[in-house]
file target.pdb (PDB, N, CA and C atoms, pLDDT in the B column)
ATOM      1  N   VAL A 188       3.862 -54.850  10.382  1.00 66.00           N
ATOM      2  CA  VAL A 188       4.302 -55.153   9.033  1.00 66.00           C
ATOM      3  C   VAL A 188       5.726 -54.630   8.889  1.00 66.00           C
ATOM      4  N   ASP A 189       6.629 -55.515   8.581  1.00 66.00           N
ATOM      5  CA  ASP A 189       8.033 -55.153   8.410  1.00 66.00           C
ATOM      6  C   ASP A 189       8.303 -54.955   6.926  1.00 66.00           C
ATOM      7  N   CYS A 190       8.399 -53.703   6.517  1.00 69.00           N
ATOM      8  CA  CYS A 190       8.631 -53.379   5.098  1.00 69.00           C
ATOM      9  C   CYS A 190      10.085 -53.053   4.809  1.00 69.00           C
ATOM     10  N   GLY A 191      10.921 -53.050   5.842  1.00 74.00           N
ATOM     11  CA  GLY A 191      12.321 -52.686   5.655  1.00 74.00           C
ATOM     12  C   GLY A 191      13.113 -53.792   4.991  1.00 74.00           C
ATOM     13  N   ILE A 192      14.099 -53.400   4.221  1.00 78.00           N
ATOM     14  CA  ILE A 192      15.009 -54.348   3.569  1.00 78.00           C
ATOM     15  C   ILE A 192      16.429 -53.897   3.871  1.00 78.00           C
ATOM     16  N   ASN A 193      17.194 -54.765   4.468  1.00 82.00           N
ATOM     17  CA  ASN A 193      18.593 -54.484   4.768  1.00 82.00           C
ATOM     18  C   ASN A 193      19.425 -55.684   4.354  1.00 82.00           C
ATOM     19  N   VAL A 194      20.530 -55.422   3.685  1.00 89.00           N
ATOM     20  CA  VAL A 194      21.431 -56.497   3.281  1.00 89.00           C
ATOM     21  C   VAL A 194      22.586 -56.525   4.270  1.00 89.00           C
ATOM     22  N   THR A 195      22.761 -57.668   4.914  1.00 89.00           N
ATOM     23  CA  THR A 195      23.845 -57.859   5.877  1.00 89.00           C
ATOM     24  C   THR A 195      24.728 -58.998   5.381  1.00 89.00           C
ATOM     25  N   PRO A 196      25.866 -59.212   6.009  1.00 94.00           N
ATOM     26  CA  PRO A 196      26.694 -60.359   5.611  1.00 94.00           C
ATOM     27  C   PRO A 196      25.955 -61.696   5.739  1.00 94.00           C
ATOM     28  N   ASP A 197      24.926 -61.738   6.613  1.00 88.00           N
ATOM     29  CA  ASP A 197      24.147 -62.969   6.796  1.00 88.00           C
ATOM     30  C   ASP A 197      22.989 -63.096   5.814  1.00 88.00           C
ATOM     31  N   GLY A 198      22.740 -62.062   5.009  1.00 87.00           N
ATOM     32  CA  GLY A 198      21.649 -62.102   4.043  1.00 87.00           C
ATOM     33  C   GLY A 198      20.717 -60.913   4.186  1.00 87.00           C
ATOM     34  N   VAL A 199      19.529 -61.027   3.597  1.00 82.00           N
ATOM     35  CA  VAL A 199      18.533 -59.956   3.631  1.00 82.00           C
ATOM     36  C   VAL A 199      17.720 -60.083   4.915  1.00 82.00           C
ATOM     37  N   VAL A 200      17.581 -58.964   5.623  1.00 82.00           N
ATOM     38  CA  VAL A 200      16.799 -58.927   6.860  1.00 82.00           C
ATOM     39  C   VAL A 200      15.907 -57.691   6.843  1.00 82.00           C
ATOM     40  N   GLY A 201      14.925 -57.667   7.735  1.00 80.00           N
ATOM     41  CA  GLY A 201      14.041 -56.516   7.861  1.00 80.00           C
ATOM     42  C   GLY A 201      14.504 -55.594   8.970  1.00 80.00           C
ATOM     43  N   ASP A 202      13.630 -54.620   9.318  1.00 81.00           N
ATOM     44  CA  ASP A 202      13.938 -53.670  10.380  1.00 81.00           C
ATOM     45  C   ASP A 202      13.519 -54.174  11.759  1.00 81.00           C
ATOM     46  N   VAL A 203      12.702 -55.212  11.806  1.00 82.00           N
ATOM     47  CA  VAL A 203      12.173 -55.731  13.064  1.00 82.00           C
ATOM     48  C   VAL A 203      12.971 -56.959  13.483  1.00 82.00           C
ATOM     49  N   ASP A 204      13.263 -57.056  14.773  1.00 82.00           N
ATOM     50  CA  ASP A 204      13.919 -58.240  15.330  1.00 82.00           C
ATOM     51  C   ASP A 204      12.860 -59.337  15.441  1.00 82.00           C
ATOM     52  N   PHE A 205      12.750 -60.149  14.404  1.00 80.00           N
ATOM     53  CA  PHE A 205      11.687 -61.148  14.258  1.00 80.00           C
ATOM     54  C   PHE A 205      11.565 -62.040  15.491  1.00 80.00           C
ATOM     55  N   GLU A 206      12.661 -62.612  15.936  1.00 84.00           N
ATOM     56  CA  GLU A 206      12.620 -63.545  17.064  1.00 84.00           C
ATOM     57  C   GLU A 206      12.173 -62.867  18.357  1.00 84.00           C
ATOM     58  N   ARG A 207      12.545 -61.613  18.541  1.00 89.00           N
ATOM     59  CA  ARG A 207      12.212 -60.900  19.778  1.00 89.00           C
ATOM     60  C   ARG A 207      10.737 -60.497  19.845  1.00 89.00           C
ATOM     61  N   VAL A 208      10.166 -60.088  18.719  1.00 88.00           N
ATOM     62  CA  VAL A 208       8.774 -59.630  18.742  1.00 88.00           C
ATOM     63  C   VAL A 208       7.758 -60.736  18.480  1.00 88.00           C
ATOM     64  N   GLN A 209       8.175 -61.838  17.908  1.00 85.00           N
ATOM     65  CA  GLN A 209       7.240 -62.905  17.551  1.00 85.00           C
ATOM     66  C   GLN A 209       6.385 -63.380  18.731  1.00 85.00           C
ATOM     67  N   PRO A 210       6.918 -63.508  19.946  1.00 90.00           N
ATOM     68  CA  PRO A 210       6.076 -63.968  21.054  1.00 90.00           C
ATOM     69  C   PRO A 210       5.011 -62.958  21.500  1.00 90.00           C
ATOM     70  N   VAL A 211       5.144 -61.691  21.138  1.00 93.00           N
ATOM     71  CA  VAL A 211       4.228 -60.672  21.661  1.00 93.00           C
ATOM     72  C   VAL A 211       3.332 -60.030  20.600  1.00 93.00           C
ATOM     73  N   VAL A 212       3.376 -60.507  19.369  1.00 89.00           N
ATOM     74  CA  VAL A 212       2.529 -59.945  18.314  1.00 89.00           C
ATOM     75  C   VAL A 212       1.554 -61.008  17.811  1.00 89.00           C
ATOM     76  N   ALA A 213       0.440 -60.548  17.246  1.00 89.00           N
ATOM     77  CA  ALA A 213      -0.556 -61.480  16.710  1.00 89.00           C
ATOM     78  C   ALA A 213      -0.117 -62.060  15.366  1.00 89.00           C
ATOM     79  N   ALA A 214       0.611 -61.261  14.584  1.00 82.00           N
ATOM     80  CA  ALA A 214       1.074 -61.705  13.267  1.00 82.00           C
ATOM     81  C   ALA A 214       2.300 -60.890  12.889  1.00 82.00           C
ATOM     82  N   ILE A 215       3.125 -61.460  12.027  1.00 80.00           N
ATOM     83  CA  ILE A 215       4.318 -60.759  11.552  1.00 80.00           C
ATOM     84  C   ILE A 215       4.630 -61.246  10.143  1.00 80.00           C
ATOM     85  N   THR A 216       5.134 -60.337   9.318  1.00 79.00           N
ATOM     86  CA  THR A 216       5.507 -60.717   7.961  1.00 79.00           C
ATOM     87  C   THR A 216       7.023 -60.874   7.900  1.00 79.00           C
ATOM     88  N   PRO A 217       7.511 -61.966   7.357  1.00 75.00           N
ATOM     89  CA  PRO A 217       8.948 -62.189   7.294  1.00 75.00           C
ATOM     90  C   PRO A 217       9.601 -61.382   6.184  1.00 75.00           C
ATOM     91  N   VAL A 218      10.910 -61.206   6.303  1.00 72.00           N
ATOM     92  CA  VAL A 218      11.720 -60.581   5.254  1.00 72.00           C
ATOM     93  C   VAL A 218      12.877 -61.528   4.992  1.00 72.00           C
ATOM     94  N   PRO A 219      13.083 -61.974   3.760  1.00 73.00           N
ATOM     95  CA  PRO A 219      12.248 -61.772   2.572  1.00 73.00           C
ATOM     96  C   PRO A 219      11.010 -62.669   2.616  1.00 73.00           C
ATOM     97  N   GLY A 220      10.108 -62.439   1.691  1.00 74.00           N
ATOM     98  CA  GLY A 220       8.920 -63.269   1.564  1.00 74.00           C
ATOM     99  C   GLY A 220       7.668 -62.689   2.182  1.00 74.00           C
ATOM    100  N   GLY A 221       7.710 -61.441   2.596  1.00 76.00           N
ATOM    101  CA  GLY A 221       6.560 -60.832   3.248  1.00 76.00           C
ATOM    102  C   GLY A 221       5.699 -60.026   2.309  1.00 76.00           C
ATOM    103  N   VAL A 222       5.760 -58.706   2.446  1.00 76.00           N
ATOM    104  CA  VAL A 222       4.857 -57.818   1.710  1.00 76.00           C
ATOM    105  C   VAL A 222       5.426 -57.327   0.379  1.00 76.00           C
ATOM    106  N   GLY A 223       6.585 -57.777  -0.008  1.00 79.00           N
ATOM    107  CA  GLY A 223       7.204 -57.334  -1.262  1.00 79.00           C
ATOM    108  C   GLY A 223       6.315 -57.485  -2.482  1.00 79.00           C
ATOM    109  N   PRO A 224       5.687 -58.650  -2.685  1.00 82.00           N
ATOM    110  CA  PRO A 224       4.805 -58.803  -3.838  1.00 82.00           C
ATOM    111  C   PRO A 224       3.613 -57.835  -3.809  1.00 82.00           C
ATOM    112  N   VAL A 225       3.078 -57.559  -2.623  1.00 84.00           N
ATOM    113  CA  VAL A 225       1.967 -56.605  -2.512  1.00 84.00           C
ATOM    114  C   VAL A 225       2.446 -55.208  -2.890  1.00 84.00           C
ATOM    115  N   THR A 226       3.632 -54.830  -2.425  1.00 83.00           N
ATOM    116  CA  THR A 226       4.200 -53.525  -2.759  1.00 83.00           C
ATOM    117  C   THR A 226       4.375 -53.388  -4.268  1.00 83.00           C
ATOM    118  N   THR A 227       4.879 -54.415  -4.908  1.00 87.00           N
ATOM    119  CA  THR A 227       5.096 -54.395  -6.354  1.00 87.00           C
ATOM    120  C   THR A 227       3.780 -54.244  -7.110  1.00 87.00           C
ATOM    121  N   ILE A 228       2.764 -54.994  -6.715  1.00 92.00           N
ATOM    122  CA  ILE A 228       1.466 -54.917  -7.389  1.00 92.00           C
ATOM    123  C   ILE A 228       0.825 -53.548  -7.192  1.00 92.00           C
ATOM    124  N   MET A 229       0.930 -52.976  -5.994  1.00 92.00           N
ATOM    125  CA  MET A 229       0.346 -51.656  -5.745  1.00 92.00           C
ATOM    126  C   MET A 229       1.065 -50.582  -6.561  1.00 92.00           C
ATOM    127  N   LEU A 230       2.377 -50.693  -6.701  1.00 93.00           N
ATOM    128  CA  LEU A 230       3.122 -49.755  -7.541  1.00 93.00           C
ATOM    129  C   LEU A 230       2.665 -49.869  -8.994  1.00 93.00           C
ATOM    130  N   LEU A 231       2.533 -51.086  -9.494  1.00 96.00           N
ATOM    131  CA  LEU A 231       2.060 -51.298 -10.861  1.00 96.00           C
ATOM    132  C   LEU A 231       0.658 -50.721 -11.042  1.00 96.00           C
ATOM    133  N   ASP A 232      -0.215 -50.923 -10.066  1.00 96.00           N
ATOM    134  CA  ASP A 232      -1.573 -50.377 -10.128  1.00 96.00           C
ATOM    135  C   ASP A 232      -1.548 -48.853 -10.233  1.00 96.00           C
ATOM    136  N   GLN A 233      -0.691 -48.212  -9.465  1.00 97.00           N
ATOM    137  CA  GLN A 233      -0.594 -46.753  -9.504  1.00 97.00           C
ATOM    138  C   GLN A 233      -0.038 -46.253 -10.840  1.00 97.00           C
ATOM    139  N   VAL A 234       0.912 -46.979 -11.411  1.00 97.00           N
ATOM    140  CA  VAL A 234       1.470 -46.603 -12.718  1.00 97.00           C
ATOM    141  C   VAL A 234       0.393 -46.708 -13.801  1.00 97.00           C
ATOM    142  N   VAL A 235      -0.387 -47.784 -13.779  1.00 98.00           N
ATOM    143  CA  VAL A 235      -1.459 -47.956 -14.762  1.00 98.00           C
ATOM    144  C   VAL A 235      -2.508 -46.859 -14.603  1.00 98.00           C
ATOM    145  N   THR A 236      -2.893 -46.559 -13.366  1.00 97.00           N
ATOM    146  CA  THR A 236      -3.870 -45.490 -13.115  1.00 97.00           C
ATOM    147  C   THR A 236      -3.364 -44.150 -13.637  1.00 97.00           C
ATOM    148  N   ALA A 237      -2.096 -43.838 -13.386  1.00 97.00           N
ATOM    149  CA  ALA A 237      -1.515 -42.579 -13.866  1.00 97.00           C
ATOM    150  C   ALA A 237      -1.501 -42.532 -15.394  1.00 97.00           C
ATOM    151  N   ALA A 238      -1.161 -43.645 -16.037  1.00 96.00           N
ATOM    152  CA  ALA A 238      -1.136 -43.690 -17.501  1.00 96.00           C
ATOM    153  C   ALA A 238      -2.536 -43.509 -18.078  1.00 96.00           C
ATOM    154  N   GLU A 239      -3.536 -44.120 -17.450  1.00 96.00           N
ATOM    155  CA  GLU A 239      -4.915 -43.966 -17.917  1.00 96.00           C
ATOM    156  C   GLU A 239      -5.382 -42.517 -17.776  1.00 96.00           C
ATOM    157  N   ARG A 240      -5.055 -41.892 -16.662  1.00 96.00           N
ATOM    158  CA  ARG A 240      -5.443 -40.491 -16.462  1.00 96.00           C
ATOM    159  C   ARG A 240      -4.761 -39.580 -17.477  1.00 96.00           C
ATOM    160  N   LEU A 241      -3.475 -39.828 -17.723  1.00 95.00           N
ATOM    161  CA  LEU A 241      -2.749 -39.026 -18.702  1.00 95.00           C
ATOM    162  C   LEU A 241      -3.351 -39.203 -20.093  1.00 95.00           C
ATOM    163  N   ALA A 242      -3.646 -40.436 -20.458  1.00 93.00           N
ATOM    164  CA  ALA A 242      -4.222 -40.699 -21.781  1.00 93.00           C
ATOM    165  C   ALA A 242      -5.587 -40.033 -21.926  1.00 93.00           C
ATOM    166  N   ALA A 243      -6.377 -40.027 -20.868  1.00 93.00           N
ATOM    167  CA  ALA A 243      -7.713 -39.420 -20.920  1.00 93.00           C
ATOM    168  C   ALA A 243      -7.654 -37.900 -21.001  1.00 93.00           C
ATOM    169  N   SER A 244      -6.586 -37.311 -20.481  1.00 93.00           N
ATOM    170  CA  SER A 244      -6.500 -35.845 -20.457  1.00 93.00           C
ATOM    171  C   SER A 244      -5.681 -35.264 -21.606  1.00 93.00           C
ATOM    172  N   THR A 245      -5.079 -36.115 -22.424  1.00 86.00           N
ATOM    173  CA  THR A 245      -4.248 -35.659 -23.535  1.00 86.00           C
ATOM    174  C   THR A 245      -5.069 -35.650 -24.818  1.00 86.00           C
ATOM    175  N   PRO A 246      -5.168 -34.482 -25.481  1.00 86.00           N
ATOM    176  CA  PRO A 246      -5.919 -34.431 -26.746  1.00 86.00           C
ATOM    177  C   PRO A 246      -5.252 -35.305 -27.808  1.00 86.00           C
ATOM    178  N   ARG A 247      -6.063 -35.959 -28.593  1.00 81.00           N
ATOM    179  CA  ARG A 247      -5.529 -36.799 -29.670  1.00 81.00           C
ATOM    180  C   ARG A 247      -5.390 -35.974 -30.934  1.00 81.00           C
ATOM    181  N   ALA A 248      -4.339 -36.241 -31.682  1.00 76.00           N
ATOM    182  CA  ALA A 248      -4.079 -35.479 -32.912  1.00 76.00           C
ATOM    183  C   ALA A 248      -4.874 -35.996 -34.072  1.00 76.00           C
TER
END
call {"tool": "encode", "arguments": {"input": "target.pdb", "output": "structure tokens"}}
result
Amino acid sequence: VDCGINVTPDGVVGDVDFERVQPVVAAITPVPGGVGPVTTIMLLDQVVTAAERLAASTPRA
């Protein structure tokens, strides 16, 4: 899973040399268009969980 994001003069690329590893791996996620949406959703899930825990532990006035 290539989670790296690098901006080059040619555009956005990941940390993995896609063309070089593609013949020897079972699967690969492209950059851009790979795991970014999953990362965003997991971050949102963690923020909601933290807010729920805070609300449950804070006494109401």
call {"tool": "atom_distance", "arguments": {"input": "target.pdb", "atom1": "atom C of Val225 of chain A", "atom2": "atom CA of Ser244 of chain A"}}
result
27.6 Å
call {"tool": "axis_aligned_box", "arguments": {"input": "target.pdb", "around": "segment 220-224 of chain A", "padding_each_side": "8 Å", "output": "JSON"}}
result
{"center_x": 6.9, "center_y": -60.3, "center_z": -0.3, "size_x": 22.5, "size_y": 21.9, "size_z": 23.1}
call {"tool": "select_by_dssp", "arguments": {"input": "target.pdb", "residues": "chain A", "states": "strand (DSSP E or B)", "output": "PyMOL selection string"}}
result
chain A and resi 193-195+198-200
call {"tool": "atom_distance", "arguments": {"input": "target.pdb", "atom1": "atom CA of Gly191 of chain A", "atom2": "atom CA of Val218 of chain A"}}
result
7.9 Å
call {"tool": "atom_distance", "arguments": {"input": "target.pdb", "atom1": "atom CA of Thr216 of chain A", "atom2": "atom CA of Ile228 of chain A"}}
result
16.9 Å
call {"tool": "select_by_dssp", "arguments": {"input": "target.pdb", "residues": "chain A", "states": "helix (DSSP H, G or I)", "output": "CSV table (one decimal) with N, CA and C atoms, in the frame of the given file"}}
result
chain,number,residue,atom,x,y,z
A,205,PHE,N,12.8,-60.1,14.4
A,205,PHE,CA,11.7,-61.1,14.3
A,205,PHE,C,11.6,-62.0,15.5
A,206,GLU,N,12.7,-62.6,15.9
A,206,GLU,CA,12.6,-63.5,17.1
A,206,GLU,C,12.2,-62.9,18.4
A,207,ARG,N,12.5,-61.6,18.5
A,207,ARG,CA,12.2,-60.9,19.8
A,207,ARG,C,10.7,-60.5,19.8
A,208,VAL,N,10.2,-60.1,18.7
A,208,VAL,CA,8.8,-59.6,18.7
A,208,VAL,C,7.8,-60.7,18.5
A,209,GLN,N,8.2,-61.8,17.9
A,209,GLN,CA,7.2,-62.9,17.6
A,209,GLN,C,6.4,-63.4,18.7
A,210,PRO,N,6.9,-63.5,19.9
A,210,PRO,CA,6.1,-64.0,21.1
A,210,PRO,C,5.0,-63.0,21.5
A,211,VAL,N,5.1,-61.7,21.1
A,211,VAL,CA,4.2,-60.7,21.7
A,211,VAL,C,3.3,-60.0,20.6
A,223,GLY,N,6.6,-57.8,0.0
A,223,GLY,CA,7.2,-57.3,-1.3
A,223,GLY,C,6.3,-57.5,-2.5
A,224,PRO,N,5.7,-58.6,-2.7
A,224,PRO,CA,4.8,-58.8,-3.8
A,224,PRO,C,3.6,-57.8,-3.8
A,225,VAL,N,3.1,-57.6,-2.6
A,225,VAL,CA,2.0,-56.6,-2.5
A,225,VAL,C,2.4,-55.2,-2.9
A,226,THR,N,3.6,-54.8,-2.4
A,226,THR,CA,4.2,-53.5,-2.8
A,226,THR,C,4.4,-53.4,-4.3
A,227,THR,N,4.9,-54.4,-4.9
A,227,THR,CA,5.1,-54.4,-6.4
A,227,THR,C,3.8,-54.2,-7.1
A,228,ILE,N,2.8,-55.0,-6.7
A,228,ILE,CA,1.5,-54.9,-7.4
A,228,ILE,C,0.8,-53.5,-7.2
A,229,MET,N,0.9,-53.0,-6.0
A,229,MET,CA,0.3,-51.7,-5.7
A,229,MET,C,1.1,-50.6,-6.6
A,230,LEU,N,2.4,-50.7,-6.7
A,230,LEU,CA,3.1,-49.8,-7.5
A,230,LEU,C,2.7,-49.9,-9.0
A,231,LEU,N,2.5,-51.1,-9.5
A,231,LEU,CA,2.1,-51.3,-10.9
A,231,LEU,C,0.7,-50.7,-11.0
A,232,ASP,N,-0.2,-50.9,-10.1
A,232,ASP,CA,-1.6,-50.4,-10.1
A,232,ASP,C,-1.5,-48.9,-10.2
A,233,GLN,N,-0.7,-48.2,-9.5
A,233,GLN,CA,-0.6,-46.8,-9.5
A,233,GLN,C,0.0,-46.3,-10.8
A,234,VAL,N,0.9,-47.0,-11.4
A,234,VAL,CA,1.5,-46.6,-12.7
A,234,VAL,C,0.4,-46.7,-13.8
A,235,VAL,N,-0.4,-47.8,-13.8
A,235,VAL,CA,-1.5,-48.0,-14.8
A,235,VAL,C,-2.5,-46.9,-14.6
A,236,THR,N,-2.9,-46.6,-13.4
A,236,THR,CA,-3.9,-45.5,-13.1
A,236,THR,C,-3.4,-44.2,-13.6
A,237,ALA,N,-2.1,-43.8,-13.4
A,237,ALA,CA,-1.5,-42.6,-13.9
A,237,ALA,C,-1.5,-42.5,-15.4
A,238,ALA,N,-1.2,-43.6,-16.0
A,238,ALA,CA,-1.1,-43.7,-17.5
A,238,ALA,C,-2.5,-43.5,-18.1
A,239,GLU,N,-3.5,-44.1,-17.4
A,239,GLU,CA,-4.9,-44.0,-17.9
A,239,GLU,C,-5.4,-42.5,-17.8
A,240,ARG,N,-5.1,-41.9,-16.7
A,240,ARG,CA,-5.4,-40.5,-16.5
A,240,ARG,C,-4.8,-39.6,-17.5
A,241,LEU,N,-3.5,-39.8,-17.7
A,241,LEU,CA,-2.7,-39.0,-18.7
A,241,LEU,C,-3.4,-39.2,-20.1
A,242,ALA,N,-3.6,-40.4,-20.5
A,242,ALA,CA,-4.2,-40.7,-21.8
A,242,ALA,C,-5.6,-40.0,-21.9
A,243,ALA,N,-6.4,-40.0,-20.9
A,243,ALA,CA,-7.7,-39.4,-20.9
A,243,ALA,C,-7.7,-37.9,-21.0
A,244,SER,N,-6.6,-37.3,-20.5
A,244,SER,CA,-6.5,-35.8,-20.5
A,244,SER,C,-5.7,-35.3,-21.6
call {"tool": "resolve_selection", "arguments": {"input": "target.pdb", "expression": "the PyMOL selection byres (((chain A and resi 217 and name CA) around 8) and name CA)", "output": "ChimeraX atom specification"}}
result
/A:189,201,205,215-216,218-221
